[in-house]
Amino acid sequence: MNRRLPFALVLTFSIFSLVGLASAQSNEFLDGLLAKQSITVGQTAYLVLVASDNLAEDADEARAFELLTNMGWTPAGATVNQPIELASYAYILMRAFNLKGGIMYTLFPSPRYAFRELASMQIIQSVYDPSSPLDGSMAIQILSMVFDTLGVN
Amino acid sequence: MKAPSRLCAIAATISLATSLHALDFGLELSNNGMVSYDSMPLLSQSNRVSPWIKIPYGPDAKLYVSGFYEFSAAFQVSPDFSTITPAITPLRIDLDRADYVGSLSGVVGKTSLLSYSIGRTNFSDTATQVISGLSDGASAELAIGNISYKASLGYRGLLYKADARSYIDSTDVALDEGAVSFASLDSYLATYFAPKRAFVGIGAFYTELMRGLDIGFEGWGQIDVAGLAGLKTPTHTLYLEPSASVKFTRLLGWKVWGVYEIGYSTGIFPSFAFGSQFDLSLPQYMGLRLSQNTLFASGNSGAYRTFTPIRMGSVGSVAALPFSDIASVSFESFFSPLNGLYCGISAVALFRASGNVPSKGSVRADASGPYLGFETNTLLASYPTSDLMLSMGLGMYVPNTLTMFVEADSPTKLTLSVSAILSM
């Protein structure tokens, strides 16, 4: 029973984090995202830009993608419906939340070093493949970890 | 090229090409400098460039290959600072960790997990006093519920001899003490690499046999390949290692282990080693961790011979005595006073395990008792950024000149080391 206690605490904490995050974004969008096996660049743009207060909640994915492109954070050659890679997601998070990186990220800000930064912060597990696609629940979980790191409710 | 070889080459190329999109790579630059002083100052410096690549094969397997180029130099300065004797190794290139690791779940029942690694990979017994570090070979671990089984097979003759630390018989010691010769390829190959020894290991481990109690039992065998080939008198060894770990509370634990070695050369010779470690964590006090370690390795005494593991460990970092014919009692503490700054303070008292002459230092004619000396170390490590690590260590070894060593030949030894590692 005692061995299950930490797991129960983590699960409860994760649910509260997700509920808190959901209140800031469209429930419909988040419900749809949780069901996705791999999320697109457009969905990522909407998720992160709304969460970082760079975009209003009533915007759509196309507008979010356009804003992301204007900011220069879109993966090279990416389209709105293309699945996003984990490293690119890390890069968008780093830029959107203005996270401080190490020497290499400061000199060469890129998905490669963004992935390593979030791995060093234990937001992303370093065993993951940086070029792998990520599903919706993982994207939200990583975003909530960024919120925790920043102390954002 | 024969057809099977060609097919293998094509399959390997396709396999590599299809996984290259996921390839990750990097470079690690490290700089280590050390000043040590006993009767004469010694300055040493080494720089290492270590490239690595990582290729994932699905979510549960990956290939990791790393190597390094190293420059190292040491300068022995005379007591009056009039002469400096340099010893420079401008080039050393070698393979570092290079292994294919993966895991398969549900191999034997739903709760089972099979983990494996093949290549130049890490091998270790529970105590890390029989074997540790890199070797060439394969290992697998099958976990079924609370029980796990491990099996290992490897060869150590392709490792650099100073890394392999193989001192099982006098031929090994002579090879280790000889300088690396660049006179010819044959002499280079004969002087760079470790003794030709292979090993096999098996073990079973039971987690939570009782509340907070883990137990394990391992057997390791070392095979003298050169001896089997008739190049020398063979020295084979077998190690039996029971171990247990107890968690008294979430923060206080105790580990204990023992190794019984049976060696075979011209006759059978037994030896043994044991150790225990108490660990106490007090995370509310700057992440404080305290540990008390006791180690013992037999010497030539009575029916027993000196403990000769597959890879020789060392006791103390300044004295750096081999883990053979020695006993030690040490206390260590680690804490983090500031975010990104880590401190370690340790003290160790060293004793000989038998009445034999210690392996280092000039011994007094009237030497008595087992006490060899004590050592203290302080380490500061800092991660100013996620990809840069800076560290500084200060150590002191005070030999026992009252009852063991000749005072004139055994001065107190001080070391100061600095290190920087940048991961690119």
# chains A, B, ... in the order shown; residues from 1 in each chain; ligands from 1
call {"tool": "residues_around", "arguments": {"residues": "B:Asp80", "least_positions_apart": "6", "cutoff": "12 Å", "atoms": "only C-alpha atoms", "output": "VMD selection string"}}
result
chain B and resid 39 to 41
call {"tool": "write_last_selection", "arguments": {"atoms": "N, CA and C atoms", "output": "PDB file, in the first residue's frame"}}
result
ATOM      1  N   SER B  39      57.900  15.124  -2.113  1.00  0.00           N
ATOM      2  CA  SER B  39      59.246  15.677  -1.978  1.00  0.00           C
ATOM      3  C   SER B  39      59.585  16.557  -3.176  1.00  0.00           C
ATOM      4  N   MET B  40      58.907  16.296  -4.306  1.00  0.00           N
ATOM      5  CA  MET B  40      59.132  17.079  -5.517  1.00  0.00           C
ATOM      6  C   MET B  40      57.773  17.426  -6.139  1.00  0.00           C
ATOM      7  N   PRO B  41      57.631  18.624  -6.695  1.00  0.00           N
ATOM      8  CA  PRO B  41      56.371  18.957  -7.339  1.00  0.00           C
ATOM      9  C   PRO B  41      56.208  18.186  -8.659  1.00  0.00           C
TER      10      PRO B  41
END
call {"tool": "select_by_dssp", "arguments": {"residues": "chain A", "states": "strand (DSSP E or B)", "output": "JSON, numbers by chain"}}
result
{"A": [40, 83, 85, 133]}
call {"tool": "interface_residues", "arguments": {"of": "chain A", "to": "chain B", "cutoff": "10 Å", "atoms": "only C-alpha atoms", "output": "JSON, numbers by chain"}}
result
{"A": [100, 101, 102, 103, 104, 105, 112, 113, 116, 117, 118, 119, 120, 121, 127, 128, 129, 130, 131, 132]}
call {"tool": "select_by_dssp", "arguments": {"residues": "stretch 67-96 of chain A", "states": "helix (DSSP H, G or I)", "output": "VMD selection string"}}
result
chain A and resid 67 to 70 86 to 96
call {"tool": "residues_around", "arguments": {"residues": "B:Ile326", "least_positions_apart": "6", "cutoff": "10 Å", "atoms": "only C-alpha atoms", "output": "ChimeraX atom specification"}}
result
/B:273,295-299,306-307,314-315,350-354,358-359,370-372
call {"tool": "write_last_selection", "arguments": {"atoms": "C-alpha atoms", "output": "PDB file, in the first residue's frame"}}
result
ATOM      1  CA  ALA B 273      37.477  -9.304   0.381  1.00  0.00           C
ATOM      2  CA  LEU B 295      36.705  -2.242   3.068  1.00  0.00           C
ATOM      3  CA  PHE B 296      39.014  -5.209   3.515  1.00  0.00           C
ATOM      4  CA  ALA B 297      41.034  -7.164   0.954  1.00  0.00           C
ATOM      5  CA  SER B 298      43.167 -10.085   2.066  1.00  0.00           C
ATOM      6  CA  GLY B 299      46.949 -10.218   1.877  1.00  0.00           C
ATOM      7  CA  THR B 306      46.465 -11.309  -1.844  1.00  0.00           C
ATOM      8  CA  PHE B 307      43.098 -10.480  -3.366  1.00  0.00           C
ATOM      9  CA  SER B 314      42.027   1.631  -5.537  1.00  0.00           C
ATOM     10  CA  VAL B 315      41.668   2.934  -2.010  1.00  0.00           C
ATOM     11  CA  LEU B 350      44.310   3.065   5.740  1.00  0.00           C
ATOM     12  CA  PHE B 351      45.641  -0.173   7.211  1.00  0.00           C
ATOM     13  CA  ARG B 352      47.527  -3.131   5.838  1.00  0.00           C
ATOM     14  CA  ALA B 353      45.611  -6.391   5.983  1.00  0.00           C
ATOM     15  CA  SER B 354      48.603  -8.597   6.718  1.00  0.00           C
ATOM     16  CA  PRO B 358      53.017  -2.292   1.798  1.00  0.00           C
ATOM     17  CA  SER B 359      53.053  -1.892  -1.960  1.00  0.00           C
ATOM     18  CA  PRO B 370      48.748  -2.277  10.582  1.00  0.00           C
ATOM     19  CA  TYR B 371      48.227   1.528  10.366  1.00  0.00           C
ATOM     20  CA  LEU B 372      49.478   3.029   7.062  1.00  0.00           C
TER      21      LEU B 372
END
call {"tool": "residues_around", "arguments": {"residues": "stretch 123-125 of chain A", "least_positions_apart": "6", "cutoff": "10 Å", "atoms": "only C-alpha atoms", "output": "JSON, numbers by chain"}}
result
{"A": [86, 87, 90, 115, 116, 117, 138, 141, 142, 143, 144, 145, 146, 148, 149]}
call {"tool": "write_last_selection", "arguments": {"atoms": "C-alpha atoms", "output": "PDB file, in the first residue's frame"}}
result
ATOM      1  CA  LEU A  86      10.278  16.240 -29.979  1.00  0.00           C
ATOM      2  CA  ALA A  87      13.379  18.432 -30.436  1.00  0.00           C
ATOM      3  CA  ALA A  90      11.476  21.640 -27.110  1.00  0.00           C
ATOM      4  CA  PHE A 115      16.169  19.216 -26.448  1.00  0.00           C
ATOM      5  CA  ARG A 116      19.329  18.853 -24.388  1.00  0.00           C
ATOM      6  CA  GLU A 117      18.373  21.829 -22.213  1.00  0.00           C
ATOM      7  CA  MET A 138       3.114  13.783 -23.749  1.00  0.00           C
ATOM      8  CA  GLN A 141       2.754  16.658 -19.787  1.00  0.00           C
ATOM      9  CA  ILE A 142       5.964  18.376 -20.964  1.00  0.00           C
ATOM     10  CA  LEU A 143       4.173  21.731 -21.059  1.00  0.00           C
ATOM     11  CA  SER A 144       2.940  21.277 -17.494  1.00  0.00           C
ATOM     12  CA  MET A 145       6.517  20.425 -16.444  1.00  0.00           C
ATOM     13  CA  VAL A 146       7.667  23.726 -17.984  1.00  0.00           C
ATOM     14  CA  ASP A 148       6.189  23.762 -12.813  1.00  0.00           C
ATOM     15  CA  THR A 149       9.771  24.828 -13.562  1.00  0.00           C
TER      16      THR A 149
END
call {"tool": "residues_around", "arguments": {"residues": "A:Gln82", "least_positions_apart": "5", "cutoff": "12 Å", "atoms": "only C-alpha atoms", "output": "list in words"}}
result
Ser38, Ile39, Thr40, Val41, Gly42, Gln43, Thr44, Ala45, Phe65, Thr74, Pro75, Ala76, Gly77, Ser88, Pro133 and Leu134 of chain A
call {"tool": "write_last_selection", "arguments": {"atoms": "N, CA and C atoms", "output": "PDB file, in the first residue's frame"}}
result
ATOM      1  N   SER A  38       0.091  11.562 -32.741  1.00  0.00           N
ATOM      2  CA  SER A  38       1.183  12.488 -33.003  1.00  0.00           C
ATOM      3  C   SER A  38       0.577  13.852 -33.314  1.00  0.00           C
ATOM      4  N   ILE A  39       1.103  14.878 -32.688  1.00  0.00           N
ATOM      5  CA  ILE A  39       0.524  16.207 -32.901  1.00  0.00           C
ATOM      6  C   ILE A  39       1.282  16.942 -34.005  1.00  0.00           C
ATOM      7  N   THR A  40       0.578  17.877 -34.631  1.00  0.00           N
ATOM      8  CA  THR A  40       1.151  18.592 -35.774  1.00  0.00           C
ATOM      9  C   THR A  40       1.829  19.878 -35.322  1.00  0.00           C
ATOM     10  N   VAL A  41       2.527  20.495 -36.273  1.00  0.00           N
ATOM     11  CA  VAL A  41       3.188  21.766 -35.984  1.00  0.00           C
ATOM     12  C   VAL A  41       2.136  22.828 -35.662  1.00  0.00           C
ATOM     13  N   GLY A  42       1.022  22.797 -36.377  1.00  0.00           N
ATOM     14  CA  GLY A  42      -0.055  23.767 -36.135  1.00  0.00           C
ATOM     15  C   GLY A  42      -0.640  23.613 -34.739  1.00  0.00           C
ATOM     16  N   GLN A  43      -0.902  22.394 -34.337  1.00  0.00           N
ATOM     17  CA  GLN A  43      -1.447  22.159 -32.996  1.00  0.00           C
ATOM     18  C   GLN A  43      -0.451  22.576 -31.920  1.00  0.00           C
ATOM     19  N   THR A  44       0.827  22.292 -32.192  1.00  0.00           N
ATOM     20  CA  THR A  44       1.882  22.705 -31.257  1.00  0.00           C
ATOM     21  C   THR A  44       1.903  24.221 -31.126  1.00  0.00           C
ATOM     22  N   ALA A  45       1.825  24.886 -32.274  1.00  0.00           N
ATOM     23  CA  ALA A  45       1.858  26.354 -32.283  1.00  0.00           C
ATOM     24  C   ALA A  45       0.723  26.905 -31.434  1.00  0.00           C
ATOM     25  N   PHE A  65       0.073  28.966 -36.446  1.00  0.00           N
ATOM     26  CA  PHE A  65       1.207  28.553 -37.273  1.00  0.00           C
ATOM     27  C   PHE A  65       1.839  29.769 -37.944  1.00  0.00           C
ATOM     28  N   THR A  74       9.351  28.158 -36.370  1.00  0.00           N
ATOM     29  CA  THR A  74       8.836  26.985 -37.078  1.00  0.00           C
ATOM     30  C   THR A  74      10.011  26.121 -37.548  1.00  0.00           C
ATOM     31  N   PRO A  75       9.917  24.798 -37.420  1.00  0.00           N
ATOM     32  CA  PRO A  75      10.983  23.931 -37.966  1.00  0.00           C
ATOM     33  C   PRO A  75      11.159  24.203 -39.463  1.00  0.00           C
ATOM     34  N   ALA A  76      12.405  24.119 -39.934  1.00  0.00           N
ATOM     35  CA  ALA A  76      12.701  24.443 -41.333  1.00  0.00           C
ATOM     36  C   ALA A  76      11.833  23.617 -42.285  1.00  0.00           C
ATOM     37  N   GLY A  77      11.142  24.309 -43.196  1.00  0.00           N
ATOM     38  CA  GLY A  77      10.353  23.638 -44.221  1.00  0.00           C
ATOM     39  C   GLY A  77       9.084  22.978 -43.723  1.00  0.00           C
ATOM     40  N   SER A  88      11.993  19.786 -31.937  1.00  0.00           N
ATOM     41  CA  SER A  88      11.388  21.042 -32.401  1.00  0.00           C
ATOM     42  C   SER A  88      10.390  21.562 -31.377  1.00  0.00           C
ATOM     43  N   PRO A 133       8.261  11.647 -33.172  1.00  0.00           N
ATOM     44  CA  PRO A 133       7.043  12.446 -33.000  1.00  0.00           C
ATOM     45  C   PRO A 133       6.544  12.301 -31.565  1.00  0.00           C
ATOM     46  N   LEU A 134       5.690  13.220 -31.119  1.00  0.00           N
ATOM     47  CA  LEU A 134       5.176  13.070 -29.758  1.00  0.00           C
ATOM     48  C   LEU A 134       3.660  13.121 -29.769  1.00  0.00           C
TER      49      LEU A 134
END
call {"tool": "atom_distance", "arguments": {"atom1": "atom CA of B:Tyr239", "atom2": "atom CA of B:Glu261"}}
result
4.5 Å
